[in-house]
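To start, the structure itself, in structure tokens.
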Amino acid sequence: MNRTLALLSALALLGGCQTFAPVDQDGTPPVQEAQQSSTTEPTSYGSFSQETLFDLLTAELAGQRNRFDIALDNYVTQAQATRDPGVAERAFRIAEYLGAEQAALETALIWADTAPTVIDAQRAAAVQLARAGRYDESMRYMETVLQRQGNTHFDFLALSAAETDPDTRTGLLQGFDRLLSKYPDNSQLLFGKAILLQQDGRTEEALKLLEDQPSSQTEVSPILLRARLLHSLGRGNEALPLLQKGVRLHPDDKRLRLTYARQLVEQDRLDEAKGEFSKLVYENPNDDDLRFSLALVCLEAEAWQEAIVYLEELVERRSHVDAAHYNLGRAYEEQGETDSALQEYARVGPSNEYLPAQQRRAQLLFDQDRSEEASALLAQARDNQPDYAIQLYLIEAEGLSNSGRVDAAWQTVAQGLEQYPDDLNLLYTRAMLAEKRDDLEQLESDLRYIIGREPEHAMALNALGYTLADRTPRHAEALELIEKAYALSPEDPAILDSLGWINYRLGNLDKAERLLRQALSLYPDHEIAAHLGEVLWAQGRQREARSIWRSALSETPDSPILRDTLLRLTGSERP
């Protein structure tokens, strides 16, 4: 076929292709047939040069062969050259589909300027300008849409500002206020402003703005935003009736019902949440994300058998497979079915759940005095998944140490350090094992090395400071180290405990008591309770000390530090 015939054939393709159809759900490219919306002008056929027609035909054929780079380049070139609205729109659709942001912006502006009465063109220009951070220009196009249609995507314009700097958001807020002075009752403008206020940390203002608008009582997006704002203010209980009313008004809205179900979980109303998720799964049988959420709610509600049913369905459907096996292991473990739990943990492949599954699998074996089997499985796991080797060494060392096999744990860490001699996690673990072996020289050497590598390693600073405070007379050094750790992490209960303990060693009993009480309130731990009781005992408040110890023993009856403290101070292991 000669070139002239090819160009004539192209007229059938190019004459009416004013818009791409929306992208199909399966991700296929936009189709070539024209689709004329109610907001577009009647199709008009441009008069193009032979060169333009040839470029456009080449673009169409390239698109059919999945060479979208050629299609986009040709269409952008011809949109710039011809400034034809149909060509510009088609170039924009291709650029938008491909995620070519600069090309999408350029062609959207050409389309909007050459088709000033087409609402979709004006909206496309506004959205692309907002994505580019050109908010003042975007607002002008948005106002054009507002004047002609009465509504537009102001929520997107506001959401696009989430990652910008405060000055840009301030400017955008001023733009919204200017438009609100002209259109004070426009619900989309008010909603967009509420989003901006939320992004600016002005949560109370955003909430009040929405609560004062009738639309926020009935429209889905404002209801969802109000619920989110209430939750962020710690008023989740107020969000529930709002969402419940929204569900009654919009029973088929999936987002609304999902948010309601999640809020029920937040409020620990698990049976109701389970009912809501069950309805969602029934109405959306192919949504495995919902099915997985329902399984997790069942686990949280300790409905083990129900959880197992949904998790096994996920495995059968080959969805969330590793997470399903891991949570099946949890469910079987809670029911005391150890063998089934071990089988499920063993089926978890490389994923976010892989290490937790290996940890639980190993711990179950350690708990059954099957340490050699646990170590063998972890060694095999290291061979099979070398990317996880360090974490698997740490899991084995922890399990062995907790089982009282400190020397075996030491050998495991030594083996790990032969492969990874500079790994700070392995070195930190060796330091903690060295303390159990009364090898304070090794402990200090490892922790000093870690601190030398990472001077702001709060855990190492705290561990070394606490050990010096508890087991040596080097209290001045200990205080300096712990205070450095405290400056890095002032809310860490372990560091607060250490700071309280060194102050006790230095005789600052009031300060020690205050710090230890703060630590215990953040983390009710038997070791902190032992320390606080000892400080109270030293202050002559024996009855109060015994009460603290008694409470801690009820939670951790086998605590060695509590029993050692009691025996040393009272002569008895009972408070």
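Following the order of the structure tokens, chains are lettered A, B, ..., residues in each are numbered from 1, and ligands are numbered from 1.
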### Query
Could you write out, as a ChimeraX atom specification, all the residues of stretch 441-514 of chain A that DSSP marks as helix (DSSP H, G or I)?
/A:441-453,458-471,475-488,493-505,509-514
### Query
Could you pull the residues within 8 Å of A:Asp136, counting only C-alpha atoms, minus those fewer than 3 positions along the same chain, as a list in words?
Met139, Arg140, Leu172 and Gly175 of chain A
### Task
Please provide as a PyMOL selection string all residues within 12 Å of A:Leu562, with the sequence filter that same-chain residues fewer than 2 positions apart are discarded (counting only C-alpha atoms).
chain A and resi 525-534+545-546+548-560+564-570+572-575
### Nearest residue to A:Asp268 from the set A:Gly236, A:Pro116, A:Gly63, A:Gly404 (distances using only C-alpha atoms)
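Result for the nearest residue to A:Asp268: A:Gly236.
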### Query
With only C-alpha atoms as the basis for distance, which of A:Pro490, A:Pro285, A:Gly275, A:Gly133 is at the shortest distance from A:Val297?
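Selected residue with least distance to A:Val297: A:Gly275.
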### Residue among A:Leu197, A:Ala261, A:Leu190, A:Leu230 lying closest to A:Thr170, counting only C-alpha atoms
A:Leu197
### Query
Any idea what's packed within 8 Å of A:Ile502, counting only C-alpha atoms, ignoring anything in its chain fewer than 6 positions away? Could you give it as a list in words?
Tyr466, Ala469, Asp470, His475, Ala478, Leu479 and Ala512 of chain A
### Task
Take atom CA of A:Ala273 and atom CA of A:Leu233 and report the distance between them in Å, one decimal.
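It comes out at 21.6 Å.
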### Message
Show me, as a PyMOL selection string, the residues that have an atom within 8 Å of A:Gln122 when counting only C-alpha atoms, minus same-chain residues fewer than 6 positions from it.
### Response
chain A and resi 112+116+141-142+144-145
Preceding selection exported with C-alpha atoms as an mmCIF file, in the first residue's frame:
```cif
data_model
loop_
_atom_site.group_PDB
_atom_site.id
_atom_site.type_symbol
_atom_site.label_atom_id
_atom_site.label_comp_id
_atom_site.auth_asym_id
_atom_site.auth_seq_id
_atom_site.Cartn_x
_atom_site.Cartn_y
_atom_site.Cartn_z
ATOM 1 C CA ALA A 112 -8.170 23.630 27.690
ATOM 2 C CA PRO A 116 -12.655 26.746 26.322
ATOM 3 C CA TYR A 141 -9.462 26.762 35.790
ATOM 4 C CA MET A 142 -11.408 25.318 38.699
ATOM 5 C CA THR A 144 -14.277 28.216 35.239
ATOM 6 C CA VAL A 145 -15.641 24.720 35.860
#
```
### Message
I'd like the contact shell of A:Val315 - 12 Å cut-off, only C-alpha atoms, skipping same-chain residues fewer than 2 positions apart - returned as number ranges by chain.
### Response
A: 288, 291-292, 308-313, 317-328, 344, 347-348
The selected residues should be written to file as an mmCIF file, in the first residue's frame (atoms: N, CA, C and O atoms).
```cif
data_model
loop_
_atom_site.group_PDB
_atom_site.id
_atom_site.type_symbol
_atom_site.label_atom_id
_atom_site.label_comp_id
_atom_site.auth_asym_id
_atom_site.auth_seq_id
_atom_site.Cartn_x
_atom_site.Cartn_y
_atom_site.Cartn_z
ATOM 1 N N ASP A 288 -10.801 -10.268 48.512
ATOM 2 C CA ASP A 288 -10.057 -11.027 49.518
ATOM 3 C C ASP A 288 -9.423 -10.145 50.581
ATOM 4 O O ASP A 288 -9.065 -10.633 51.662
ATOM 5 N N ARG A 291 -12.017 -10.248 53.117
ATOM 6 C CA ARG A 291 -12.033 -11.568 53.767
ATOM 7 C C ARG A 291 -10.886 -11.675 54.775
ATOM 8 O O ARG A 291 -11.058 -12.220 55.876
ATOM 9 N N PHE A 292 -9.718 -11.147 54.416
ATOM 10 C CA PHE A 292 -8.581 -11.183 55.339
ATOM 11 C C PHE A 292 -8.854 -10.317 56.561
ATOM 12 O O PHE A 292 -8.552 -10.705 57.695
ATOM 13 N N ILE A 308 -10.273 -19.577 61.296
ATOM 14 C CA ILE A 308 -9.668 -20.666 60.509
ATOM 15 C C ILE A 308 -10.409 -20.865 59.198
ATOM 16 O O ILE A 308 -9.783 -21.054 58.140
ATOM 17 N N VAL A 309 -11.740 -20.797 59.230
ATOM 18 C CA VAL A 309 -12.534 -20.981 58.006
ATOM 19 C C VAL A 309 -12.146 -19.935 56.962
ATOM 20 O O VAL A 309 -11.870 -20.258 55.793
ATOM 21 N N TYR A 310 -12.110 -18.671 57.366
ATOM 22 C CA TYR A 310 -11.809 -17.612 56.401
ATOM 23 C C TYR A 310 -10.359 -17.671 55.930
ATOM 24 O O TYR A 310 -10.067 -17.409 54.751
ATOM 25 N N LEU A 311 -9.442 -18.027 56.818
ATOM 26 C CA LEU A 311 -8.040 -18.113 56.427
ATOM 27 C C LEU A 311 -7.814 -19.271 55.462
ATOM 28 O O LEU A 311 -7.027 -19.148 54.503
ATOM 29 N N GLU A 312 -8.487 -20.392 55.693
ATOM 30 C CA GLU A 312 -8.359 -21.513 54.754
ATOM 31 C C GLU A 312 -8.961 -21.161 53.396
ATOM 32 O O GLU A 312 -8.451 -21.597 52.355
ATOM 33 N N GLU A 313 -10.029 -20.376 53.394
ATOM 34 C CA GLU A 313 -10.585 -19.899 52.115
ATOM 35 C C GLU A 313 -9.556 -19.072 51.352
ATOM 36 O O GLU A 313 -9.414 -19.196 50.136
ATOM 37 N N ARG A 317 -7.994 -19.786 47.711
ATOM 38 C CA ARG A 317 -8.116 -18.780 46.649
ATOM 39 C C ARG A 317 -6.752 -18.201 46.260
ATOM 40 O O ARG A 317 -6.666 -17.339 45.403
ATOM 41 N N ARG A 318 -5.687 -18.665 46.901
ATOM 42 C CA ARG A 318 -4.318 -18.219 46.628
ATOM 43 C C ARG A 318 -4.173 -16.710 46.793
ATOM 44 O O ARG A 318 -3.555 -16.024 45.983
ATOM 45 N N SER A 319 -4.748 -16.230 47.867
ATOM 46 C CA SER A 319 -4.695 -14.805 48.174
ATOM 47 C C SER A 319 -4.209 -14.626 49.614
ATOM 48 O O SER A 319 -4.639 -15.360 50.507
ATOM 49 N N HIS A 320 -3.298 -13.654 49.831
ATOM 50 C CA HIS A 320 -2.729 -13.423 51.168
ATOM 51 C C HIS A 320 -2.206 -14.735 51.760
ATOM 52 O O HIS A 320 -2.373 -15.002 52.961
ATOM 53 N N VAL A 321 -1.568 -15.558 50.925
ATOM 54 C CA VAL A 321 -1.268 -16.941 51.316
ATOM 55 C C VAL A 321 -0.346 -16.995 52.534
ATOM 56 O O VAL A 321 -0.630 -17.717 53.509
ATOM 57 N N ASP A 322 0.764 -16.266 52.497
ATOM 58 C CA ASP A 322 1.705 -16.339 53.616
ATOM 59 C C ASP A 322 1.091 -15.792 54.905
ATOM 60 O O ASP A 322 1.271 -16.369 55.979
ATOM 61 N N ALA A 323 0.371 -14.671 54.782
ATOM 62 C CA ALA A 323 -0.294 -14.103 55.965
ATOM 63 C C ALA A 323 -1.353 -15.062 56.495
ATOM 64 O O ALA A 323 -1.544 -15.185 57.712
ATOM 65 N N ALA A 324 -2.045 -15.748 55.581
ATOM 66 C CA ALA A 324 -3.072 -16.702 56.012
ATOM 67 C C ALA A 324 -2.440 -17.869 56.773
ATOM 68 O O ALA A 324 -2.932 -18.272 57.836
ATOM 69 N N HIS A 325 -1.348 -18.425 56.252
ATOM 70 C CA HIS A 325 -0.690 -19.536 56.951
ATOM 71 C C HIS A 325 -0.182 -19.086 58.325
ATOM 72 O O HIS A 325 -0.326 -19.812 59.317
ATOM 73 N N TYR A 326 0.402 -17.895 58.382
ATOM 74 C CA TYR A 326 0.903 -17.404 59.667
ATOM 75 C C TYR A 326 -0.224 -17.276 60.685
ATOM 76 O O TYR A 326 -0.087 -17.711 61.833
ATOM 77 N N ASN A 327 -1.337 -16.702 60.260
ATOM 78 C CA ASN A 327 -2.450 -16.508 61.194
ATOM 79 C C ASN A 327 -3.182 -17.809 61.504
ATOM 80 O O ASN A 327 -3.751 -17.947 62.589
ATOM 81 N N LEU A 328 -3.150 -18.758 60.584
ATOM 82 C CA LEU A 328 -3.643 -20.097 60.925
ATOM 83 C C LEU A 328 -2.788 -20.702 62.033
ATOM 84 O O LEU A 328 -3.307 -21.326 62.973
ATOM 85 N N GLU A 344 1.601 -24.984 59.952
ATOM 86 C CA GLU A 344 1.217 -23.747 59.272
ATOM 87 C C GLU A 344 2.382 -22.749 59.239
ATOM 88 O O GLU A 344 2.635 -22.114 58.224
ATOM 89 N N ARG A 347 4.796 -23.389 56.511
ATOM 90 C CA ARG A 347 4.338 -23.115 55.140
ATOM 91 C C ARG A 347 4.479 -21.644 54.737
ATOM 92 O O ARG A 347 4.191 -21.282 53.608
ATOM 93 N N VAL A 348 4.889 -20.803 55.675
ATOM 94 C CA VAL A 348 5.035 -19.375 55.377
ATOM 95 C C VAL A 348 6.312 -19.163 54.580
ATOM 96 O O VAL A 348 7.399 -19.552 55.011
#
```
### Query
What separation in Å, quoted to one decimal, exists between atom CA of A:Tyr420 and atom CA of A:Leu488?
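One can read the atom CA of A:Tyr420 to atom CA of A:Leu488 distance as 27.5 Å.
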### Message
Just the number, please: distance in Å from atom CA of A:Glu60 to atom CA of A:Ala132, one decimal.
### Response
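Computing the Euclidean distance for atom CA of A:Glu60 and atom CA of A:Ala132 yields 28.2 Å.
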### Message
So that I can check the surroundings of A:Thr107, please list as a PyMOL selection string every protein, DNA and RNA residue that reaches within 7 Å of it, counting only C-alpha atoms and ignoring chain neighbours fewer than 6 positions away.
### Response
chain A and resi 76+79+88-89+91-92
### Task
Considering only C-alpha atoms, state which residue in the set A:Pro222, A:Pro166, A:Gly507, A:Gly201 is at the smallest distance from A:Ser187.
A:Pro222
#### Entry: Closest of A:Leu299, A:Val87, A:Leu224, A:Leu464 to A:Glu477 - atom-to-atom distances counting only C-alpha atoms
A:Leu464
### Message
Considering only C-alpha atoms, can you say which of A:Leu207, A:Leu56, A:Leu426, A:Ala463 comes closest to A:Glu444?
### Response
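Using only C-alpha atoms, the shortest distance to A:Glu444 belongs to A:Ala463.
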